[in-house]
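Quick notes on the structure that follows.
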Amino acid sequence: MPAFEYLAIFAAGFVASGINSVAGGGTLLSFPVLLWAGRDPVTANATNTLALWPGSLASAFAFRREVACVPRLVGLLSPPAIAGGLLGGVLLLHTPAPLFRGLVPYLVLLATLLLAAQRPLVRLLQLDAQRPAGGKHAAGLVTAQFLVSVYGGYFGAGMGIIMLAALGLYGLSDIHQRNGLKNVLSTLINGVAGLYFVISGAINWTDALLLMSGAIAGGYGGGAVARRLRPSTVQGIVIGIGVIATLTLILKRHP
């Protein structure tokens with residue numbers, strides 16, 4: 001029933017936004033809901049990228065003071081973020097739909113594993129947080145950012161976790177500055193990929209507006225509810241959703 005589908009998509013945007021405000025990984029809910037509603041995987045991914053972009057922009061604005069402390073890194077990493085995000089979007093729309101449909105369960109699984117590994121990654125990067133971000137390390141960080149951005153433009157779930165780890169490993173030890181820079185780069189990646197999807201006519205606008213509306217509402221109501229839970233609890237719920245989504249998508253391919 002279309003009415004039920006629309007309600008489910010709105011609710012997915014609402015809950016995903018609340019989850020993102022606390023633990024991250026909201027895409028692991030919103031993207032599978034579009035698939036379960038019968039949407040084409042490529043269109044669903046493009047629509048989801050555009051619809052959740054306002055949330056990235058709001059998060060970047062919230063960390064503007066922290067970002068202002070690292071202008072050199074913003075200037076260094078913005079070009080590879082934009083280039084990688086655009087390339088990832090181009091690769092997505094040039095991937096045959098049957099091939100992408102086959103990749104979807106494993107992309108969802110990869111994002112789930114990244115979310116599950118977030119705490120060990122944080123501990124790992126804290127052991128090496130004083131590495132100077134210059135010379136070869138700067139070149140390594142730019143390369144890593146470009147590769148992560150390609151993944152972000154292509155699929156995106158879990159890319160924030162990779163960026164947090166990379167920024168810490170290459171010398172940015174302040175967690176708030178890492179978060180702020182990650183939000184700015186995510187905004188650039190999703191923005192340029194989303195713009196390419198719009199120009200290419202790859203967006204389902206009904207779904208996009210429903211997700212956006214839910215995400216805006218979720219930024220207030222959903223975020224307030226989610227913040228009453230421990231971040232580890234929210235993260236566990238999202239990991240559980242990712243596992244269920246992965247198994248369901250695999251079983252759907254191999255009934």
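Residue numbering restarts at 1 in every chain; chains get A, B, ... in the order shown in the structure tokens, and ligands count up from 1 in that same order.
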
Give me the residues within 12 Å of Ala83 (chain A) as a PyMOL selection string, counting only C-alpha atoms and dropping any in the same chain fewer than 6 places off. chain A and resi 77+89-90+142-143+145-153+185+188-193+196

Selection file, N, CA and C atoms, as a JSON list (two decimals), in the first residue's frame:
[["chain", "number", "residue", "atom", "x", "y", "z"],
["A", 77, "LEU", "N", 42.02, 18.92, 2.60],
["A", 77, "LEU", "CA", 41.19, 17.73, 2.38],
["A", 77, "LEU", "C", 39.91, 18.00, 1.59],
["A", 89, "GLY", "N", 29.96, 9.06, -7.18],
["A", 89, "GLY", "CA", 28.63, 9.20, -7.75],
["A", 89, "GLY", "C", 28.58, 8.76, -9.20],
["A", 90, "VAL", "N", 29.61, 9.13, -9.97],
["A", 90, "VAL", "CA", 29.67, 8.72, -11.38],
["A", 90, "VAL", "C", 29.76, 7.19, -11.48],
["A", 142, "VAL", "N", 45.73, 12.77, 2.34],
["A", 142, "VAL", "CA", 45.00, 13.20, 1.15],
["A", 142, "VAL", "C", 44.56, 11.99, 0.33],
["A", 143, "THR", "N", 45.46, 11.02, 0.18],
["A", 143, "THR", "CA", 45.13, 9.81, -0.56],
["A", 143, "THR", "C", 44.01, 9.04, 0.12],
["A", 145, "GLN", "N", 41.78, 10.24, 2.16],
["A", 145, "GLN", "CA", 40.54, 11.00, 2.06],
["A", 145, "GLN", "C", 39.89, 10.83, 0.68],
["A", 146, "PHE", "N", 40.70, 10.81, -0.35],
["A", 146, "PHE", "CA", 40.16, 10.62, -1.70],
["A", 146, "PHE", "C", 39.47, 9.25, -1.82],
["A", 147, "LEU", "N", 40.13, 8.20, -1.33],
["A", 147, "LEU", "CA", 39.57, 6.86, -1.43],
["A", 147, "LEU", "C", 38.27, 6.73, -0.61],
["A", 148, "VAL", "N", 38.30, 7.30, 0.60],
["A", 148, "VAL", "CA", 37.09, 7.27, 1.43],
["A", 148, "VAL", "C", 35.97, 8.04, 0.75],
["A", 149, "SER", "N", 36.30, 9.15, 0.09],
["A", 149, "SER", "CA", 35.30, 9.96, -0.58],
["A", 149, "SER", "C", 34.69, 9.25, -1.78],
["A", 150, "VAL", "N", 35.51, 8.48, -2.49],
["A", 150, "VAL", "CA", 34.96, 7.67, -3.59],
["A", 150, "VAL", "C", 33.94, 6.68, -3.04],
["A", 151, "TYR", "N", 34.31, 6.01, -1.95],
["A", 151, "TYR", "CA", 33.37, 5.10, -1.30],
["A", 151, "TYR", "C", 32.12, 5.85, -0.85],
["A", 152, "GLY", "N", 32.31, 7.06, -0.29],
["A", 152, "GLY", "CA", 31.18, 7.85, 0.19],
["A", 152, "GLY", "C", 30.23, 8.24, -0.92],
["A", 153, "GLY", "N", 30.75, 8.66, -2.05],
["A", 153, "GLY", "CA", 29.90, 9.01, -3.18],
["A", 153, "GLY", "C", 29.21, 7.80, -3.78],
["A", 185, "LEU", "N", 33.60, 17.47, 5.65],
["A", 185, "LEU", "CA", 33.97, 16.65, 4.49],
["A", 185, "LEU", "C", 32.80, 15.79, 4.04],
["A", 188, "LEU", "N", 30.54, 17.90, 1.95],
["A", 188, "LEU", "CA", 31.07, 18.09, 0.60],
["A", 188, "LEU", "C", 30.87, 16.84, -0.26],
["A", 189, "ILE", "N", 31.17, 15.68, 0.32],
["A", 189, "ILE", "CA", 31.05, 14.42, -0.42],
["A", 189, "ILE", "C", 29.61, 14.16, -0.82],
["A", 190, "ASN", "N", 28.69, 14.23, 0.15],
["A", 190, "ASN", "CA", 27.28, 13.97, -0.14],
["A", 190, "ASN", "C", 26.68, 15.06, -1.02],
["A", 191, "GLY", "N", 27.17, 16.30, -0.82],
["A", 191, "GLY", "CA", 26.64, 17.40, -1.61],
["A", 191, "GLY", "C", 26.97, 17.27, -3.09],
["A", 192, "VAL", "N", 28.23, 17.00, -3.40],
["A", 192, "VAL", "CA", 28.63, 16.92, -4.81],
["A", 192, "VAL", "C", 28.04, 15.66, -5.45],
["A", 193, "ALA", "N", 27.99, 14.55, -4.71],
["A", 193, "ALA", "CA", 27.37, 13.33, -5.25],
["A", 193, "ALA", "C", 25.87, 13.55, -5.45],
["A", 196, "TYR", "N", 25.19, 15.68, -8.47],
["A", 196, "TYR", "CA", 25.36, 14.88, -9.70],
["A", 196, "TYR", "C", 24.14, 13.98, -9.92]]

Each residue of region 59-124 of chain A lying at most 8 Å from region 24-43 of chain A should get a row with its shortest atom-to-atom pair and the distance in Å to one decimal, counting only C-alpha atoms; could you produce that, ordered by chain and increasing number, as a tab-separated table?
residue	atom	partner	partner_atom	distance
A:Leu92	CA	A:Val42	CA	7.0
A:Leu93	CA	A:Val42	CA	7.0
A:Ala97	CA	A:Val42	CA	6.5
A:Phe100	CA	A:Val42	CA	7.0
A:Arg101	CA	A:Pro41	CA	6.0
A:Val104	CA	A:Pro41	CA	7.7
A:Val108	CA	A:Leu28	CA	6.8
A:Ala111	CA	A:Leu28	CA	7.6
A:Thr112	CA	A:Leu28	CA	7.6
A:Leu115	CA	A:Gly25	CA	7.0

From the set A:Ile250, A:Ala215, A:Met159, A:Leu113, which residue has the shortest atom-to-atom contact distance to Ala16 (chain A), counting only C-alpha atoms?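 Using only C-alpha atoms, the shortest distance to Ala16 (chain A) belongs to A:Ala215.
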
Helix (DSSP H, G or I) positions in region 8-157 of chain A, given as JSON, numbers by chain: {"A": [8, 9, 10, 11, 12, 13, 14, 15, 16, 17, 18, 19, 20, 27, 28, 29, 30, 31, 32, 33, 34, 35, 36, 41, 42, 43, 44, 45, 46, 47, 48, 49, 50, 51, 53, 54, 55, 56, 57, 58, 59, 60, 61, 62, 64, 65, 66, 67, 71, 72, 73, 74, 75, 76, 77, 78, 79, 80, 81, 82, 83, 84, 85, 86, 87, 88, 89, 90, 91, 92, 93, 97, 98, 99, 100, 101, 102, 103, 104, 105, 106, 107, 108, 109, 110, 111, 112, 113, 114, 115, 116, 118, 119, 120, 121, 122, 123, 124, 125, 126, 127, 136, 137, 138, 139, 140, 141, 142, 143, 144, 145, 146, 147, 148, 149, 150, 151, 152, 153, 154]}

Hey, what's within 9 Å of Pro54 (chain A) if we count only C-alpha atoms and toss same-chain stuff fewer than 3 positions away? As an MDAnalysis selection string, please? chainID A and resid 50:51 57:59 187 191 212 215:216

Would you export the selected residues with C-alpha atoms as a CSV table (one decimal), in the first residue's frame, please?
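Heads up, here's the output in part-v6.csv:
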chain,number,residue,atom,x,y,z
A,50,LEU,CA,20.6,13.5,-1.3
A,51,ALA,CA,17.9,13.3,1.4
A,57,LEU,CA,25.1,20.3,6.7
A,58,ALA,CA,23.5,21.0,10.1
A,59,SER,CA,26.1,18.9,11.8
A,187,THR,CA,28.8,17.5,3.6
A,191,GLY,CA,26.6,17.4,-1.6
A,212,MET,CA,14.1,14.9,4.3
A,215,ALA,CA,15.1,13.7,9.0
A,216,ILE,CA,14.3,17.3,9.9

Let me make sure I understand: among A:Gly102, A:Ala46, A:Asp207, A:Gly240, which one has the smallest atom-to-atom distance to Gly13 (chain A) if we use only C-alpha atoms?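 Between A:Gly102, A:Ala46, A:Asp207, A:Gly240, the residue approaching Gly13 (chain A) most closely is A:Asp207.
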
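Straight-line separation from CA of Ala245 (chain A) to CA of Ala117 (chain A): 18.0 Å.
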
Interatomic distance (Å, one decimal) between CA of Arg65 (chain A) and CA of Ser232 (chain A):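 Computed distance, CA of Arg65 (chain A) to CA of Ser232 (chain A), equals 26.7 Å.
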
Hey, which of A:Ser56, A:Asn204, A:Ser78, A:Thr248 ends up closest to Asn179 (chain A)? Count only C-alpha atoms.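 Using only C-alpha atoms, the shortest distance to Asn179 (chain A) belongs to A:Ser56.
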
Contacts of Leu210 (chain A) at 7 Å (only C-alpha atoms; same-chain gap of 4+ positions) as an MDAnalysis selection string: chainID A and resid 9:10 206 214

Next, dump the selected residues to file, keeping only N, CA and C atoms, as a short mmCIF file (atom, residue, chain, number, x, y, z; two decimals), in the first residue's frame.
data_model
loop_
_atom_site.label_atom_id
_atom_site.label_comp_id
_atom_site.auth_asym_id
_atom_site.auth_seq_id
_atom_site.Cartn_x
_atom_site.Cartn_y
_atom_site.Cartn_z
N ILE A 9 8.83 5.27 4.99
CA ILE A 9 9.98 6.04 4.52
C ILE A 9 10.16 7.29 5.39
N PHE A 10 9.06 7.96 5.71
CA PHE A 10 9.14 9.13 6.60
C PHE A 10 9.72 8.72 7.96
N THR A 206 9.70 11.96 -4.55
CA THR A 206 8.72 11.67 -3.49
C THR A 206 9.42 11.07 -2.28
N GLY A 214 11.25 13.59 7.35
CA GLY A 214 11.47 12.76 8.53
C GLY A 214 12.77 13.09 9.23
#

Please determine, counting only C-alpha atoms, which residue among A:Ala116, A:Leu91, A:Ile19, A:Leu107 has the shortest atom-to-atom distance to Ile239 (chain A).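 Among A:Ala116, A:Leu91, A:Ile19, A:Leu107, it is A:Ala116 that comes nearest to Ile239 (chain A).
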
Calculated over only C-alpha atoms, which of the candidates A:Gly236, A:Gly180, A:Gly194, A:Gly84 has the smallest distance to Ala144 (chain A)?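 Residue with the minimum atom-to-atom distance to Ala144 (chain A): A:Gly84.
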
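Note that CA of Gly55 (chain A) and CA of Ser17 (chain A) are 7.1 Å apart.
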